[in-house]
>>> print(open('run_16.cif').read())   # mmCIF, C-alpha atoms and all ligand atoms
data_input
loop_
_atom_site.group_PDB
_atom_site.id
_atom_site.type_symbol
_atom_site.label_atom_id
_atom_site.label_comp_id
_atom_site.auth_asym_id
_atom_site.auth_seq_id
_atom_site.Cartn_x
_atom_site.Cartn_y
_atom_site.Cartn_z
ATOM 1 C CA MET A 1 -14.603 -11.672 -2.531
ATOM 2 C CA GLY A 2 -12.123 -14.431 -3.263
ATOM 3 C CA PRO A 3 -10.785 -17.642 -1.776
ATOM 4 C CA PRO A 4 -8.496 -17.667 1.283
ATOM 5 C CA GLY A 5 -5.075 -16.421 0.186
ATOM 6 C CA ALA A 6 -6.324 -14.518 -2.885
ATOM 7 C CA GLY A 7 -5.156 -11.197 -1.437
ATOM 8 C CA LYS A 8 -8.518 -9.731 -0.413
ATOM 9 C CA GLY A 9 -7.207 -8.282 2.848
ATOM 10 C CA THR A 10 -4.107 -6.760 1.223
ATOM 11 C CA GLN A 11 -6.050 -5.136 -1.612
ATOM 12 C CA ALA A 12 -8.900 -3.999 0.658
ATOM 13 C CA LYS A 13 -6.398 -2.192 2.878
ATOM 14 C CA ILE A 14 -4.788 -0.387 -0.095
ATOM 15 C CA LEU A 15 -8.169 0.675 -1.513
ATOM 16 C CA ALA A 16 -9.443 1.810 1.878
ATOM 17 C CA GLU A 17 -6.443 4.128 2.240
ATOM 18 C CA LYS A 18 -6.664 5.443 -1.309
ATOM 19 C CA TYR A 19 -10.382 6.235 -1.163
ATOM 20 C CA SER A 20 -10.689 6.955 2.602
ATOM 21 C CA LEU A 21 -13.034 4.031 3.146
ATOM 22 C CA ILE A 22 -13.532 1.966 6.271
ATOM 23 C CA HIS A 23 -12.011 -1.507 5.854
ATOM 24 C CA LEU A 24 -14.179 -4.106 7.610
ATOM 25 C CA SER A 25 -12.474 -7.487 7.718
ATOM 26 C CA THR A 26 -14.659 -10.045 9.461
ATOM 27 C CA GLY A 27 -11.606 -12.261 10.047
ATOM 28 C CA ASP A 28 -9.806 -9.376 11.824
ATOM 29 C CA ILE A 29 -12.917 -8.453 13.846
ATOM 30 C CA LEU A 30 -13.382 -12.066 14.959
ATOM 31 C CA ARG A 31 -9.678 -12.447 15.848
ATOM 32 C CA ALA A 32 -9.893 -9.253 17.946
ATOM 33 C CA GLU A 33 -12.953 -10.676 19.739
ATOM 34 C CA ILE A 34 -11.025 -13.888 20.453
ATOM 35 C CA ARG A 35 -8.132 -11.852 21.922
ATOM 36 C CA LYS A 36 -10.568 -9.942 24.141
ATOM 37 C CA LYS A 37 -12.313 -13.213 25.090
ATOM 38 C CA THR A 38 -15.797 -11.846 24.366
ATOM 39 C CA ASP A 39 -18.735 -14.297 24.249
ATOM 40 C CA ARG A 40 -18.786 -14.021 20.467
ATOM 41 C CA GLY A 41 -15.028 -14.598 20.259
ATOM 42 C CA LEU A 42 -15.274 -17.684 22.444
ATOM 43 C CA GLU A 43 -18.073 -19.055 20.274
ATOM 44 C CA ALA A 44 -16.191 -18.320 17.026
ATOM 45 C CA GLN A 45 -12.818 -19.688 18.030
ATOM 46 C CA SER A 46 -13.352 -23.432 17.614
ATOM 47 C CA TYR A 47 -14.918 -22.966 14.171
ATOM 48 C CA MET A 48 -12.078 -20.738 12.991
ATOM 49 C CA ASP A 49 -9.285 -22.927 14.335
ATOM 50 C CA ALA A 50 -10.752 -25.903 12.478
ATOM 51 C CA GLY A 51 -11.092 -23.978 9.190
ATOM 52 C CA ASN A 52 -14.888 -23.917 9.316
ATOM 53 C CA LEU A 53 -17.113 -20.897 8.908
ATOM 54 C CA VAL A 54 -18.544 -19.274 12.003
ATOM 55 C CA PRO A 55 -22.371 -19.722 11.994
ATOM 56 C CA ASP A 56 -24.294 -17.269 9.809
ATOM 57 C CA LYS A 57 -26.400 -15.963 12.701
ATOM 58 C CA VAL A 58 -23.249 -14.894 14.593
ATOM 59 C CA LEU A 59 -21.871 -13.053 11.552
ATOM 60 C CA LEU A 60 -25.183 -11.472 10.686
ATOM 61 C CA SER A 61 -25.795 -10.041 14.137
ATOM 62 C CA MET A 62 -22.180 -8.809 14.309
ATOM 63 C CA MET A 63 -22.398 -7.145 10.889
ATOM 64 C CA GLU A 64 -25.858 -5.716 11.449
ATOM 65 C CA SER A 65 -24.694 -3.849 14.551
ATOM 66 C CA THR A 66 -21.412 -2.748 12.941
ATOM 67 C CA LEU A 67 -23.053 -1.515 9.718
ATOM 68 C CA THR A 68 -25.808 0.249 11.666
ATOM 69 C CA GLU A 69 -23.175 2.128 13.700
ATOM 70 C CA LEU A 70 -21.317 3.113 10.540
ATOM 71 C CA GLN A 71 -24.431 4.291 8.646
ATOM 72 C CA ASN A 72 -23.718 6.143 5.429
ATOM 73 C CA SER A 73 -19.955 5.670 5.572
ATOM 74 C CA GLY A 74 -18.084 4.258 2.602
ATOM 75 C CA ILE A 75 -17.063 0.717 3.483
ATOM 76 C CA ILE A 76 -15.039 -2.101 1.962
ATOM 77 C CA LEU A 77 -16.375 -5.445 3.145
ATOM 78 C CA ASP A 78 -13.606 -8.049 3.284
ATOM 79 C CA GLY A 79 -14.668 -11.602 4.110
ATOM 80 C CA PHE A 80 -18.395 -10.913 4.269
ATOM 81 C CA PRO A 81 -20.749 -12.128 2.946
ATOM 82 C CA ARG A 82 -19.295 -15.615 2.719
ATOM 83 C CA THR A 83 -22.457 -17.700 2.260
ATOM 84 C CA ILE A 84 -25.770 -17.253 0.424
ATOM 85 C CA PRO A 85 -27.733 -16.711 3.702
ATOM 86 C CA GLN A 86 -25.205 -14.001 4.665
ATOM 87 C CA ALA A 87 -25.663 -12.295 1.277
ATOM 88 C CA GLU A 88 -29.453 -12.408 1.683
ATOM 89 C CA GLY A 89 -29.097 -11.077 5.232
ATOM 90 C CA LEU A 90 -26.844 -8.280 3.968
ATOM 91 C CA ASN A 91 -29.485 -7.271 1.421
ATOM 92 C CA ASN A 92 -32.011 -6.983 4.273
ATOM 93 C CA ILE A 93 -29.615 -4.962 6.423
ATOM 94 C CA PHE A 94 -28.965 -2.574 3.516
ATOM 95 C CA LEU A 95 -32.698 -2.256 2.852
ATOM 96 C CA LYS A 96 -33.226 -1.182 6.468
ATOM 97 C CA LEU A 97 -30.306 1.245 6.316
ATOM 98 C CA ASN A 98 -31.261 2.542 2.872
ATOM 99 C CA SER A 99 -27.757 1.654 1.728
ATOM 100 C CA LYS A 100 -26.445 -0.397 -1.172
ATOM 101 C CA ILE A 101 -23.567 -2.301 -2.728
ATOM 102 C CA ASN A 102 -21.673 -0.302 -5.356
ATOM 103 C CA HIS A 103 -19.169 -2.876 -6.583
ATOM 104 C CA VAL A 104 -18.539 -6.572 -6.116
ATOM 105 C CA LEU A 105 -14.979 -7.627 -6.916
ATOM 106 C CA ASN A 106 -13.946 -11.255 -7.058
ATOM 107 C CA ILE A 107 -10.204 -11.885 -6.885
ATOM 108 C CA HIS A 108 -9.429 -15.279 -8.371
ATOM 109 C CA VAL A 109 -6.232 -17.325 -8.179
ATOM 110 C CA GLU A 110 -5.600 -20.959 -9.077
ATOM 111 C CA GLU A 111 -6.020 -23.286 -6.067
ATOM 112 C CA SER A 112 -2.485 -24.772 -6.105
ATOM 113 C CA LYS A 113 -1.003 -21.232 -5.988
ATOM 114 C CA LEU A 114 -3.296 -20.264 -3.118
ATOM 115 C CA ILE A 115 -2.221 -23.196 -1.004
ATOM 116 C CA LYS A 116 1.454 -22.377 -1.678
ATOM 117 C CA ARG A 117 0.915 -18.712 -0.684
ATOM 118 C CA LEU A 118 -0.908 -19.627 2.518
ATOM 119 C CA ILE A 119 1.731 -22.141 3.558
ATOM 120 C CA GLU A 120 4.377 -19.405 3.084
ATOM 121 C CA ARG A 121 2.263 -16.913 5.075
ATOM 122 C CA ALA A 122 1.837 -19.506 7.824
ATOM 123 C CA GLN A 123 5.536 -19.271 8.640
ATOM 124 C CA ASN A 124 5.123 -15.798 10.104
ATOM 125 C CA SER A 125 1.399 -15.201 10.601
ATOM 126 C CA GLY A 126 1.089 -17.016 13.917
ATOM 127 C CA ARG A 127 -2.527 -17.802 12.988
ATOM 128 C CA LYS A 128 -3.808 -21.076 14.373
ATOM 129 C CA ASP A 129 -5.743 -21.740 11.153
ATOM 130 C CA ASP A 130 -2.572 -21.503 9.036
ATOM 131 C CA THR A 131 -1.510 -25.157 9.201
ATOM 132 C CA GLU A 132 -1.463 -27.160 5.968
ATOM 133 C CA GLU A 133 -4.406 -29.335 6.983
ATOM 134 C CA VAL A 134 -6.584 -26.368 7.962
ATOM 135 C CA ILE A 135 -5.532 -24.414 4.845
ATOM 136 C CA ILE A 136 -6.797 -27.241 2.617
ATOM 137 C CA LYS A 137 -9.987 -27.450 4.674
ATOM 138 C CA ARG A 138 -10.581 -23.687 4.230
ATOM 139 C CA GLN A 139 -10.259 -24.038 0.449
ATOM 140 C CA LYS A 140 -12.856 -26.844 0.494
ATOM 141 C CA VAL A 141 -15.222 -24.769 2.625
ATOM 142 C CA TYR A 142 -14.728 -21.867 0.203
ATOM 143 C CA THR A 143 -15.638 -24.010 -2.813
ATOM 144 C CA LYS A 144 -18.740 -25.411 -1.151
ATOM 145 C CA LEU A 145 -20.182 -22.412 0.691
ATOM 146 C CA THR A 146 -18.645 -19.206 -0.710
ATOM 147 C CA ALA A 147 -18.051 -19.856 -4.431
ATOM 148 C CA PRO A 148 -21.857 -19.981 -5.055
ATOM 149 C CA LEU A 149 -21.871 -16.222 -4.309
ATOM 150 C CA ILE A 150 -20.213 -15.640 -7.699
ATOM 151 C CA ASP A 151 -23.504 -16.665 -9.264
ATOM 152 C CA PHE A 152 -25.575 -14.825 -6.626
ATOM 153 C CA TYR A 153 -23.827 -11.552 -7.601
ATOM 154 C CA LYS A 154 -23.543 -12.381 -11.314
ATOM 155 C CA ASN A 155 -25.129 -9.103 -12.412
ATOM 156 C CA GLU A 156 -22.759 -6.867 -10.491
ATOM 157 C CA ILE A 157 -19.536 -8.840 -10.160
ATOM 158 C CA THR A 158 -16.172 -7.936 -11.695
ATOM 159 C CA GLN A 159 -13.545 -10.643 -11.983
ATOM 160 C CA ILE A 160 -10.013 -9.609 -11.028
ATOM 161 C CA ASP A 161 -7.023 -11.798 -11.856
ATOM 162 C CA GLY A 162 -5.188 -12.134 -8.527
ATOM 163 C CA ASP A 163 -2.044 -13.753 -9.955
ATOM 164 C CA GLY A 164 0.871 -11.284 -9.963
ATOM 165 C CA THR A 165 2.478 -8.774 -7.634
ATOM 166 C CA ILE A 166 0.431 -6.779 -5.109
ATOM 167 C CA GLU A 167 0.919 -3.657 -7.279
ATOM 168 C CA GLN A 168 -0.204 -5.431 -10.465
ATOM 169 C CA VAL A 169 -3.397 -6.647 -8.816
ATOM 170 C CA THR A 170 -4.097 -3.163 -7.385
ATOM 171 C CA GLN A 171 -3.649 -1.725 -10.896
ATOM 172 C CA ARG A 172 -6.171 -4.209 -12.311
ATOM 173 C CA ILE A 173 -8.706 -3.167 -9.676
ATOM 174 C CA LEU A 174 -8.099 0.552 -10.247
ATOM 175 C CA GLU A 175 -8.540 0.198 -14.016
ATOM 176 C CA TYR A 176 -12.011 -1.044 -13.292
ATOM 177 C CA ILE A 177 -13.011 1.306 -10.460
ATOM 178 C CA GLN A 178 -11.640 4.605 -11.805
HETATM 179 P P1 LIG B 201 -9.031 -16.088 4.946
HETATM 180 O O1 LIG B 201 -9.397 -15.054 3.926
HETATM 181 O O2 LIG B 201 -7.596 -16.501 4.869
HETATM 182 O O3 LIG B 201 -9.984 -17.238 4.981
HETATM 183 P P2 LIG B 201 -10.118 -14.497 7.138
HETATM 184 O O4 LIG B 201 -9.263 -13.738 8.081
HETATM 185 O O5 LIG B 201 -10.973 -13.713 6.199
HETATM 186 O O6 LIG B 201 -9.107 -15.438 6.373
HETATM 187 O O7 LIG B 201 -11.082 -15.494 7.943
HETATM 188 C C1 LIG B 201 -10.583 -16.390 8.904
HETATM 189 C C2 LIG B 201 -11.716 -17.244 9.475
HETATM 190 O O8 LIG B 201 -12.699 -16.401 10.121
HETATM 191 C C3 LIG B 201 -12.536 -18.055 8.460
HETATM 192 O O9 LIG B 201 -11.907 -19.277 8.106
HETATM 193 C C4 LIG B 201 -13.855 -18.248 9.248
HETATM 194 O O10 LIG B 201 -13.746 -19.245 10.219
HETATM 195 C C5 LIG B 201 -14.022 -16.920 9.980
HETATM 196 N N1 LIG B 201 -14.850 -15.976 9.195
HETATM 197 C C6 LIG B 201 -14.460 -14.785 8.667
HETATM 198 N N2 LIG B 201 -15.472 -14.205 7.993
HETATM 199 C C7 LIG B 201 -16.539 -15.056 8.087
HETATM 200 C C8 LIG B 201 -17.873 -15.046 7.583
HETATM 201 N N3 LIG B 201 -18.342 -14.034 6.843
HETATM 202 N N4 LIG B 201 -18.676 -16.102 7.885
HETATM 203 C C9 LIG B 201 -18.252 -17.099 8.636
HETATM 204 N N5 LIG B 201 -17.004 -17.195 9.133
HETATM 205 C C10 LIG B 201 -16.148 -16.181 8.866
#
>>> encode(input="run_16.cif", output="structure tokens")
Amino acid sequence: MGPPGAGKGTQAKILAEKYSLIHLSTGDILRAEIRKKTDRGLEAQSYMDAGNLVPDKVLLSMMESTLTELQNSGIILDGFPRTIPQAEGLNNIFLKLNSKINHVLNIHVEESKLIKRLIERAQNSGRKDDTEEVIIKRQKVYTKLTAPLIDFYKNEITQIDGDGTIEQVTQRILEYIQ
């Protein structure tokens, strides 16, 4: 977990390679659905472009089918759950699948640094939600809807300082996981 721009996707990719895990990024899955013009992609697009979250029921049905297909694989979830109802839904999915969460990592970075990083990324990402206005909106949505998950997972969460180079942040995560 972590706010937009914290480096979740970058770190998830590195960990997935190191530990042979499947990296599930809901942002990437949704963007692929938009490219393929699926019904779900078409529904998600306007929310994403505006910096809003896609409705919980869309994410939950998407993740339930994906996680059911991948039963018993090791997975890194990146960008999900992002709201309390999604976290509750995930608990139900894992109950059905007899699966569980092993670690919850929260990468934190000061908000002014995040906005600076995202504006830099915007120059070559080509993402429609990478304009300054939408970036600020995504931070607000994070604070309102996603930050409460830190308390939801308070018994299993590990805080990771996300300020530093990619390698430094990876090292901090590995110190905890190994
Ligand atoms: P970032 O980490 O920069 O916010 P992502 O690629 O993870 O970028 O997500 C991009 C957008 O996709 C989000 O702003 C949101 O609209 C949508 N999205 C991704 N995951 C979820 C989720 N779990 N619930 C609702 N919307 C989501």
>>> resolve_selection(input="run_16.cif", expression="the PyMOL selection byres (((chain A and resi 81-96) around 12) and not hetatm)", output="PyMOL selection string")
chain A and resi 1-4+24-27+52-68+70-72+76-80+97-102+104+106+138+141-153
>>> residues_around(input="run_16.cif", residues="stretch 118-131 of chain A", least_positions_apart="2", cutoff="12 Å", atoms="only C-alpha atoms", output="PyMOL selection string")
chain A and resi 3-7+27-28+31+34+45-53+111-116+133-139
>>> closest_residue(input="run_16.cif", among="A:Ile75, A:Leu174, A:Ile160, A:Ala32", to="ligand LIG 201 (chain B)", atoms="all atoms listed in the file")
A:Ala32
>>> resolve_selection(input="run_16.cif", expression="the PyMOL selection byres (((chain A and resi 176) around 12) and not hetatm)", output="list in words")
His103, Val104, Leu105, Ile157, Thr158, Gln159, Ile160, Asp161, Val169, Thr170, Gln171, Arg172, Ile173, Leu174, Glu175, Ile177 and Gln178 of chain A
>>> closest_residue(input="run_16.cif", among="A:Glu33, A:Gly41, A:His23, A:Val109", to="A:Thr10", atoms="all atoms listed in the file")
A:His23
>>> closest_residue(input="run_16.cif", among="A:Ile22, A:Lys37, A:Ala44, A:Leu15", to="ligand LIG 201 (chain B)", atoms="all atoms listed in the file")
A:Ala44
>>> atom_distance(input="run_16.cif", atom1="atom C1 of ligand LIG 201 (chain B)", atom2="atom CA of A:Gly9")
10.7 Å
>>> closest_residue(input="run_16.cif", among="A:Asp39, A:Gly74, A:Glu132, A:Glu69", to="A:Glu17", atoms="only C-alpha atoms")
A:Gly74
>>> closest_residue(input="run_16.cif", among="A:Ser73, A:Arg35, A:Lys8, A:Leu42", to="ligand LIG 201 (chain B)", atoms="all atoms listed in the file")
A:Lys8
>>> atom_distance(input="run_16.cif", atom1="atom C3 of ligand LIG 201 (chain B)", atom2="atom CA of A:Thr38")
17.4 Å
>>> atom_distance(input="run_16.cif", atom1="atom C4 of ligand LIG 201 (chain B)", atom2="atom CA of A:Leu30")
8.4 Å
>>> closest_residue(input="run_16.cif", among="A:Gln11, A:Ile29, A:Lys154, A:Leu21", to="ligand LIG 201 (chain B)", atoms="all atoms listed in the file")
A:Ile29
>>> axis_aligned_box(input="run_16.cif", around="ligand LIG 201 (chain B)", padding_each_side="4 Å", output="JSON")
{"center_x": -13.1, "center_y": -16.5, "center_z": 7.1, "size_x": 19.1, "size_y": 13.6, "size_z": 14.3}
